[in-house]
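**Q** Got protein-v2.cif for you, mmCIF, C-alpha atoms:
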```cif
data_structure
loop_
_atom_site.label_atom_id
_atom_site.label_comp_id
_atom_site.auth_asym_id
_atom_site.auth_seq_id
_atom_site.Cartn_x
_atom_site.Cartn_y
_atom_site.Cartn_z
CA MET Z 1 -70.74 78.86 -44.21
CA SER Z 2 -69.61 81.33 -41.56
CA GLU Z 3 -68.41 78.51 -39.30
CA ALA Z 4 -66.45 77.00 -42.19
CA ALA Z 5 -64.83 80.34 -42.98
CA ALA Z 6 -63.91 80.85 -39.34
CA LEU Z 7 -62.19 77.45 -39.19
CA ALA Z 8 -60.31 77.89 -42.47
CA GLY Z 9 -57.44 79.88 -41.01
CA THR Z 10 -56.89 77.49 -38.11
CA PHE Z 11 -57.48 73.94 -39.38
CA VAL Z 12 -57.35 71.94 -42.57
CA THR Z 13 -61.08 71.43 -43.08
CA SER Z 14 -63.22 68.97 -44.99
CA LEU Z 15 -66.81 68.90 -46.16
CA LEU Z 16 -68.67 66.04 -44.48
CA PHE Z 17 -71.75 64.31 -45.89
CA ARG Z 18 -73.80 61.85 -43.82
CA VAL Z 19 -77.31 60.49 -44.18
CA HIS Z 20 -79.23 59.79 -40.97
CA SER Z 21 -81.99 57.20 -41.43
CA LEU Z 22 -85.09 57.04 -39.25
CA PRO Z 23 -87.85 54.40 -39.32
CA LEU Z 24 -91.10 55.63 -40.87
CA SER Z 25 -93.17 53.23 -38.82
CA ASP Z 26 -92.94 52.69 -35.09
CA ARG Z 27 -94.14 49.07 -35.43
CA SER Z 28 -91.04 47.50 -36.94
CA GLU Z 29 -88.25 45.63 -35.18
CA TRP Z 30 -85.85 48.19 -36.63
CA ALA Z 31 -87.78 50.99 -34.89
CA ALA Z 32 -87.61 49.11 -31.59
CA ARG Z 33 -83.85 48.62 -31.98
CA TRP Z 34 -83.41 52.25 -32.98
CA TRP Z 35 -85.24 53.37 -29.82
CA ARG Z 36 -83.28 51.03 -27.55
CA ASP Z 37 -79.95 52.14 -29.01
CA ARG Z 38 -80.95 55.78 -28.67
CA GLN Z 39 -81.82 55.33 -24.99
CA SER Z 40 -84.31 58.15 -25.20
CA ARG Z 41 -86.17 59.32 -22.12
CA ILE Z 42 -89.49 59.26 -23.98
CA PRO Z 43 -91.55 56.51 -25.69
CA LEU Z 44 -90.77 55.27 -29.20
CA ARG Z 45 -93.32 57.25 -31.26
CA PRO Z 46 -92.62 60.60 -29.57
CA ALA Z 47 -88.88 59.86 -29.85
CA LEU Z 48 -89.21 59.33 -33.62
CA ASP Z 49 -91.24 62.54 -33.98
CA GLU Z 50 -88.70 64.47 -31.91
CA ALA Z 51 -85.77 63.13 -33.97
CA GLU Z 52 -87.53 64.09 -37.22
CA ARG Z 53 -88.32 67.62 -36.01
CA HIS Z 54 -84.75 68.09 -34.81
CA LEU Z 55 -83.09 66.82 -38.00
CA ARG Z 56 -85.41 68.87 -40.24
CA GLN Z 57 -83.86 72.01 -38.77
CA PHE Z 58 -80.50 71.44 -40.48
CA ALA Z 59 -80.79 68.41 -42.79
CA SER Z 60 -82.63 67.70 -46.06
CA ARG Z 61 -85.33 65.02 -45.86
CA ARG Z 62 -86.24 62.27 -48.31
CA ILE Z 63 -88.49 59.22 -47.96
CA ASP Z 64 -87.76 55.65 -49.05
CA LYS Z 65 -91.03 53.78 -48.59
CA SER Z 66 -89.56 50.57 -50.02
CA ARG Z 67 -87.29 50.39 -46.98
CA ASP Z 68 -89.69 52.03 -44.50
CA ARG Z 69 -87.38 54.90 -43.76
CA GLN Z 70 -86.94 58.63 -43.96
CA MET Z 71 -83.47 59.94 -44.71
CA PHE Z 72 -81.85 63.19 -43.64
CA LEU Z 73 -78.74 64.40 -45.46
CA ASP Z 74 -76.54 66.44 -43.14
CA ILE Z 75 -73.77 68.51 -44.77
CA SER Z 76 -71.31 70.00 -42.31
CA VAL Z 77 -67.68 71.03 -41.84
CA ILE Z 78 -65.10 69.02 -39.93
CA ALA Z 79 -61.55 69.86 -38.88
CA ASP Z 80 -59.01 67.23 -39.93
CA ASP Z 81 -57.55 65.58 -36.83
CA GLU Z 82 -54.48 64.22 -38.71
CA GLY Z 83 -55.50 60.69 -37.71
CA GLN Z 84 -55.01 61.38 -34.01
CA GLY Z 85 -58.59 60.63 -33.04
CA ARG Z 86 -58.93 63.85 -31.03
CA CYS Z 87 -59.70 67.51 -31.60
CA PRO Z 88 -56.74 69.16 -33.39
CA ALA Z 89 -57.17 72.26 -31.22
CA LEU Z 90 -56.08 70.43 -28.07
CA ALA Z 91 -52.73 71.50 -26.64
CA ASP Z 92 -51.55 69.97 -23.36
CA GLY Z 93 -55.08 68.80 -22.72
CA LEU Z 94 -56.61 72.26 -23.13
CA CYS Z 95 -58.39 74.01 -26.01
CA ALA Z 96 -55.92 76.28 -27.80
CA ILE Z 97 -58.69 78.34 -29.44
CA TYR Z 98 -61.13 78.47 -26.53
CA ASP Z 99 -62.02 82.16 -26.85
CA THR Z 100 -62.62 81.89 -30.61
CA ARG Z 101 -63.89 78.29 -30.82
CA PRO Z 102 -66.72 77.61 -33.30
CA GLN Z 103 -70.33 77.71 -32.17
CA THR Z 104 -70.68 73.94 -32.46
CA CYS Z 105 -67.84 73.49 -29.95
CA ARG Z 106 -69.64 75.76 -27.52
CA THR Z 107 -72.51 73.25 -27.32
CA VAL Z 108 -70.29 70.48 -25.94
CA PRO Z 109 -71.13 68.33 -23.99
CA LEU Z 110 -74.76 68.80 -25.12
CA HIS Z 111 -74.09 68.98 -28.85
CA TYR Z 112 -76.73 70.78 -30.90
CA SER Z 113 -77.16 67.83 -33.28
CA ARG Z 114 -78.61 65.71 -30.48
CA ALA Z 115 -82.31 65.85 -29.70
CA PRO Z 116 -83.33 66.85 -26.13
CA SER Z 117 -84.51 63.42 -24.94
CA THR Z 118 -81.11 61.85 -25.71
CA LEU Z 119 -78.96 64.43 -23.93
CA GLU Z 120 -78.90 62.78 -20.51
CA ASN Z 121 -77.58 59.48 -21.86
CA TYR Z 122 -75.04 61.29 -24.05
CA LEU Z 123 -73.85 63.40 -21.10
CA ASP Z 124 -73.37 60.27 -18.97
CA ARG Z 125 -71.25 58.65 -21.71
CA PHE Z 126 -69.31 61.87 -22.28
CA THR Z 127 -68.33 62.30 -18.62
CA ALA Z 128 -67.36 58.61 -18.40
CA THR Z 129 -64.93 58.88 -21.34
CA PRO Z 130 -61.36 58.07 -20.22
CA ARG Z 131 -59.02 61.08 -19.97
CA TYR Z 132 -61.91 63.59 -20.03
CA ARG Z 133 -61.54 65.71 -16.92
CA CYS Z 134 -65.21 66.26 -16.03
CA ASP Z 135 -66.28 67.41 -12.59
CA THR Z 136 -69.15 65.10 -11.63
CA SER Z 137 -68.95 65.74 -7.88
CA PRO Z 138 -72.06 66.85 -5.94
CA ALA Z 139 -70.57 70.35 -5.85
CA ALA Z 140 -70.47 70.62 -9.66
CA PRO Z 141 -73.15 72.90 -11.16
CA ALA Z 142 -76.03 71.08 -12.84
CA ILE Z 143 -76.22 71.63 -16.59
CA LEU Z 144 -79.12 69.31 -17.43
CA ASP Z 145 -82.41 68.30 -15.84
CA GLY Z 146 -84.01 65.55 -17.90
CA ASN Z 147 -84.67 67.11 -21.32
CA GLN Z 148 -84.07 70.66 -20.11
CA VAL Z 149 -80.68 72.36 -20.54
CA LEU Z 150 -80.04 74.33 -17.36
CA ASP Z 151 -76.74 75.93 -18.31
CA ARG Z 152 -77.60 79.26 -19.97
CA GLN Z 153 -74.45 79.49 -22.09
CA ILE Z 154 -74.81 75.97 -23.49
CA GLY Z 155 -78.52 76.51 -24.12
CA GLU Z 156 -77.82 79.71 -26.04
CA ALA Z 157 -74.99 78.05 -27.95
CA ARG Z 158 -77.29 75.20 -29.05
CA ALA Z 159 -79.86 77.69 -30.32
CA LYS Z 160 -77.21 79.73 -32.17
CA ALA Z 161 -75.63 76.62 -33.72
CA VAL Z 162 -79.00 75.46 -35.07
CA ALA Z 163 -79.67 78.98 -36.40
CA LEU Z 164 -76.33 78.96 -38.24
CA ALA Z 165 -77.14 75.55 -39.73
CA LYS Z 166 -80.53 76.88 -40.87
CA ALA Z 167 -78.89 79.91 -42.46
CA ASP Z 168 -76.79 77.58 -44.62
CA ARG Z 169 -79.82 75.72 -45.99
CA LYS Z 170 -79.83 77.50 -49.38
CA TRP Z 171 -76.16 76.70 -49.92
CA LYS Z 172 -76.69 73.08 -48.85
CA GLU Z 173 -79.79 72.69 -51.04
CA ARG Z 174 -77.72 73.85 -54.01
CA LEU Z 175 -75.08 71.24 -53.19
CA LEU Z 176 -77.81 68.62 -53.01
CA ALA Z 177 -79.18 69.67 -56.40
CA LEU Z 178 -75.72 69.29 -57.92
CA MET Z 179 -75.35 65.87 -56.30
CA ASP Z 180 -78.52 64.82 -58.11
CA ASP Z 181 -77.16 66.05 -61.45
CA ALA Z 182 -77.11 63.34 -64.09
CA ALA Z 183 -73.49 64.08 -65.01
CA PRO Z 184 -71.13 61.85 -62.98
CA GLY Z 185 -69.13 63.83 -60.44
CA ALA Z 186 -70.96 67.10 -61.14
CA ALA Z 187 -69.04 69.98 -59.52
CA GLY Z 188 -66.70 67.43 -57.94
CA LEU Z 189 -69.44 66.27 -55.57
CA PRO Z 190 -70.45 62.70 -54.74
CA THR Z 191 -73.89 61.48 -55.76
CA TYR Z 192 -76.61 61.13 -53.15
CA ASP Z 193 -76.55 57.35 -53.62
CA GLU Z 194 -72.80 57.26 -52.93
CA VAL Z 195 -73.24 59.21 -49.70
CA LEU Z 196 -76.20 57.01 -48.70
CA SER Z 197 -74.24 53.82 -49.37
CA ASN Z 198 -71.35 55.05 -47.23
CA SER Z 199 -73.71 56.12 -44.44
CA ASP Z 200 -75.49 52.76 -44.49
CA SER Z 201 -72.05 51.16 -44.05
CA GLY Z 202 -71.29 53.41 -41.09
CA TYR Z 203 -69.00 55.89 -42.86
CA ALA Z 204 -69.17 59.60 -43.62
CA THR Z 205 -68.15 61.01 -47.01
CA LEU Z 206 -65.39 63.64 -46.92
CA LEU Z 207 -64.23 66.15 -49.54
CA PRO Z 208 -61.87 69.14 -49.47
CA MET Z 209 -63.77 72.31 -48.53
CA ILE Z 210 -62.82 73.99 -51.82
CA VAL Z 211 -65.51 71.92 -53.56
CA ALA Z 212 -68.23 73.61 -51.53
CA TRP Z 213 -66.58 77.04 -51.61
CA ARG Z 214 -66.48 76.99 -55.40
CA VAL Z 215 -70.19 76.22 -55.53
CA ALA Z 216 -70.87 78.98 -53.00
CA ALA Z 217 -68.88 81.47 -55.12
CA ARG Z 218 -70.70 80.51 -58.33
CA GLU Z 219 -74.07 80.84 -56.60
CA GLY Z 220 -73.27 84.23 -55.08
CA PHE Z 221 -73.08 83.07 -51.45
CA LEU Z 222 -69.36 83.87 -51.37
CA SER Z 223 -67.32 86.57 -53.14
CA HIS Z 224 -64.44 85.54 -55.40
CA GLU Z 225 -62.04 87.52 -53.20
CA THR Z 226 -63.20 85.61 -50.12
CA LEU Z 227 -62.86 82.32 -51.98
CA GLN Z 228 -59.25 83.12 -52.86
CA GLU Z 229 -58.45 84.17 -49.29
CA LEU Z 230 -59.93 80.95 -47.89
CA CYS Z 231 -57.88 78.95 -50.39
CA ARG Z 232 -54.70 80.79 -49.40
CA LYS Z 233 -55.31 79.94 -45.75
CA GLN Z 234 -56.00 76.28 -46.43
CA ALA Z 235 -52.99 75.91 -48.75
CA ALA Z 236 -50.71 77.44 -46.11
CA LEU Z 237 -52.00 75.04 -43.44
CA ILE Z 238 -51.58 72.03 -45.71
CA ARG Z 239 -48.00 73.07 -46.62
CA ALA Z 240 -47.18 73.46 -42.92
CA ARG Z 241 -48.59 70.00 -42.20
CA ILE Z 242 -46.60 68.43 -45.03
CA ALA Z 243 -43.42 70.12 -43.76
CA ARG Z 244 -43.89 68.51 -40.33
CA HIS Z 245 -43.78 64.96 -41.71
CA ARG Z 246 -41.38 62.80 -43.64
CA ALA Z 247 -42.12 62.62 -47.36
CA ASP Z 248 -42.86 58.90 -47.16
CA VAL Z 249 -45.68 59.36 -44.62
CA VAL Z 250 -47.48 62.27 -46.27
CA SER Z 251 -50.74 60.94 -47.70
CA LYS Z 252 -51.60 61.16 -51.37
CA GLU Z 253 -54.95 62.71 -50.38
CA LEU Z 254 -53.16 65.58 -48.65
CA LEU Z 255 -50.89 66.19 -51.63
CA ASP Z 256 -53.85 66.05 -54.01
CA SER Z 257 -55.76 68.50 -51.84
CA LEU Z 258 -52.84 70.95 -51.86
CA ALA Z 259 -52.62 70.69 -55.65
CA VAL Z 260 -56.29 71.62 -55.98
CA TYR Z 261 -55.90 74.71 -53.77
CA GLU Z 262 -52.72 75.80 -55.54
CA ARG Z 263 -54.38 75.43 -58.92
CA GLN Z 264 -57.26 77.59 -57.73
CA LEU Z 265 -54.83 80.26 -56.56
CA SER Z 266 -52.62 80.21 -59.65
CA ARG Z 267 -55.47 80.37 -62.16
CA GLY Z 268 -57.89 82.46 -60.12
CA GLU Z 269 -60.63 79.97 -60.97
CA ALA Z 270 -64.17 80.70 -59.82
#
```
Show how you would write the structure in this file as structure tokens.
**A**
Amino acid sequence: MSEAAALAGTFVTSLLFRVHSLPLSDRSEWAARWWRDRQSRIPLRPALDEAERHLRQFASRRIDKSRDRQMFLDISVIADDEGQGRCPALADGLCAIYDTRPQTCRTVPLHYSRAPSTLENYLDRFTATPRYRCDTSPAAPAILDGNQVLDRQIGEARAKAVALAKADRKWKERLLALMDDAAPGAAGLPTYDEVLSNSDSGYATLLPMIVAWRVAAREGFLSHETLQELCRKQAALIRARIARHRADVVSKELLDSLAVYERQLSRGEA
């Protein structure tokens, strides 16, 4: 919640839902494929156990025995990149908010959502990404040794990011409970099955952040004054984005999102 509030004055933000599925058994072909794709440094069974422990820290777990899988619903916040396919904070190739960047950004290139045994492979792919200016010369300081993060700042950032995700568990569990509500579209949230279907197809589910902020305000995690201030910031950012583009290229989703924020502000809804 604190990360989302910090981003609200800088970026148009969305609430992201994604279900990560892990094999229950280590004897299936799916488990073998999962392990090969993951390119973990450890054997299959320990890799599954490590992935489960890691995801349990910030995601809600369910089991589907009929499909031999355990599912972890991750609810997080994402900054809208305006379809550019890159971080919206980049300016001339540099981070424009470096000193105040969110905790999750501070874990790059060893992102906190990745389990230790997968970090080496991820780091290799990250540094090989075209246009990323990574120093991989022998003189560059080592930041990783196998599963161990050597860089103190990144190690501390990973721990803090996980702690923040844990602190949001009560809020996220309330969102999950509302997603399970029998009433279609309860609180404007998708159902768990809708999120799972999208995740199985390789897509995340995105909603305007106001949906989660309203729930947080009703549950006492957020004051009404803070809710209104967050809405003012988001509405201002959306208006500025709309003003930068021709009317015929502004998406309906963006216009609809602005209407929701403006309605919240005009009525003072909680």
**Q** I want to know what sits within 8 Å of range 132-146 of chain Z, based on all atoms listed in the file, with residues of the same chain fewer than 4 positions away left out; could you give that as a PyMOL selection string?
**A** chain Z and resi 41+117+119-120+126-128+150-151
**Q** When you count all atoms listed in the file, which of these residues is closest to Gln70 in chain Z: Z:Leu189, Z:Leu94, Z:Ala216, Z:Leu48?
**A**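 Ranked by minimum distance to Gln70 in chain Z, first place goes to Z:Leu48.
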**Q** When the PyMOL selection byres ((chain Z and resi 106-112) around 10) is applied to the file above, which residues end up in the set, as a short mmCIF file (atom, residue, chain, number, x, y, z; two decimals) with C-alpha atoms, in the coordinates of the input?
**A**
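Below you can see result.cif, which holds the result:
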```
data_model
loop_
_atom_site.label_atom_id
_atom_site.label_comp_id
_atom_site.auth_asym_id
_atom_site.auth_seq_id
_atom_site.Cartn_x
_atom_site.Cartn_y
_atom_site.Cartn_z
CA HIS Z 54 -84.75 68.09 -34.81
CA TYR Z 98 -61.13 78.47 -26.53
CA ASP Z 99 -62.02 82.16 -26.85
CA THR Z 100 -62.62 81.89 -30.61
CA ARG Z 101 -63.89 78.29 -30.82
CA PRO Z 102 -66.72 77.61 -33.30
CA GLN Z 103 -70.33 77.71 -32.17
CA THR Z 104 -70.68 73.94 -32.46
CA CYS Z 105 -67.84 73.49 -29.95
CA SER Z 113 -77.16 67.83 -33.28
CA ARG Z 114 -78.61 65.71 -30.48
CA ALA Z 115 -82.31 65.85 -29.70
CA PRO Z 116 -83.33 66.85 -26.13
CA THR Z 118 -81.11 61.85 -25.71
CA LEU Z 119 -78.96 64.43 -23.93
CA GLU Z 120 -78.90 62.78 -20.51
CA TYR Z 122 -75.04 61.29 -24.05
CA LEU Z 123 -73.85 63.40 -21.10
CA ASP Z 124 -73.37 60.27 -18.97
CA ARG Z 125 -71.25 58.65 -21.71
CA PHE Z 126 -69.31 61.87 -22.28
CA THR Z 127 -68.33 62.30 -18.62
CA ILE Z 143 -76.22 71.63 -16.59
CA LEU Z 144 -79.12 69.31 -17.43
CA VAL Z 149 -80.68 72.36 -20.54
CA GLN Z 153 -74.45 79.49 -22.09
CA ILE Z 154 -74.81 75.97 -23.49
CA GLY Z 155 -78.52 76.51 -24.12
CA GLU Z 156 -77.82 79.71 -26.04
CA ALA Z 157 -74.99 78.05 -27.95
CA ARG Z 158 -77.29 75.20 -29.05
CA ALA Z 159 -79.86 77.69 -30.32
CA LYS Z 160 -77.21 79.73 -32.17
CA ALA Z 161 -75.63 76.62 -33.72
CA VAL Z 162 -79.00 75.46 -35.07
#
```
**Q** Between CA of Ile210 in chain Z and CA of Ser257 in chain Z, measure the distance and give it in Å to one decimal.
**A**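 CA of Ser257 in chain Z lies at a distance of 8.9 Å from CA of Ile210 in chain Z.
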**Q** Convert the output of the PyMOL selection byres ((chain Z and resi 252-254) around 12) on the shown file into explicit residues, formatted as number ranges by chain.
**A** Z: 12-14, 80, 82, 206-208, 234-235, 237-243, 245, 247-251, 255-261
**Q** For the atom pair CA of Phe58 in chain Z and CA of Asp193 in chain Z, what is the interatomic distance in Å to one decimal place?
**A**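 Interatomic distance here is 19.7 Å.
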**Q** Could you tell me how far CA of Ser199 in chain Z lies from CA of Ser21 in chain Z, in Å and to one decimal?
**A**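 Atom-to-atom, CA of Ser199 in chain Z and CA of Ser21 in chain Z are spaced 8.9 Å apart.
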**Q** Which residues would end up in the selection if the PyMOL selection byres ((chain Z and resi 174) around 12) were applied here, given that I need the answer as a PyMOL selection string?
**A** chain Z and resi 60+75+168-173+175-181+186-187+189+212-221
**Q** Once 6 Å is added on each side, what are the centre and the three edge lengths, in Å to one decimal, of the axis-aligned box enclosing the listed atoms of range 100-119 of chain Z? Present them as AutoDock Vina command-line options.
**A**
```
--center_x -73.6 --center_y 71.9 --center_z -28.6 --size_x 33.9 --size_y 32.0 --size_z 21.4
```
**Q** Near range 201-205 of chain Z, counting all atoms listed in the file, which residues have an atom at most 7 Å away, once you skip same-chain residues fewer than 4 positions from it, shown as a PDB file with C-alpha atoms, in the coordinates of the input?
**A**
```pdb
ATOM      1  CA  LEU Z  16     -68.670  66.040 -44.480  1.00  0.00           C
ATOM      2  CA  PHE Z  17     -71.750  64.310 -45.890  1.00  0.00           C
ATOM      3  CA  ARG Z  18     -73.800  61.850 -43.820  1.00  0.00           C
ATOM      4  CA  VAL Z 195     -73.240  59.210 -49.700  1.00  0.00           C
ATOM      5  CA  SER Z 197     -74.240  53.820 -49.370  1.00  0.00           C
TER       6      SER Z 197
END
```
**Q** For Ile42 in chain Z, which residue out of Z:Thr10, Z:Ser25, Z:Thr129, Z:Asn147 is the nearest one, using only C-alpha atoms?
**A**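 Using only C-alpha atoms, Ile42 in chain Z sits closest to Z:Asn147.
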**Q** Would you mind telling me which residue in Z:Glu225, Z:Ala47, Z:Ala79, Z:Val19 lies nearest to Ala59 in chain Z when using only C-alpha atoms?
**A** Z:Val19
**Q** For Lys65 in chain Z, please output as number ranges by chain all residues within 12 Å (counting only C-alpha atoms; exclusion window: fewer than 3 positions along the same chain).
**A** Z: 22-25, 62, 68-71
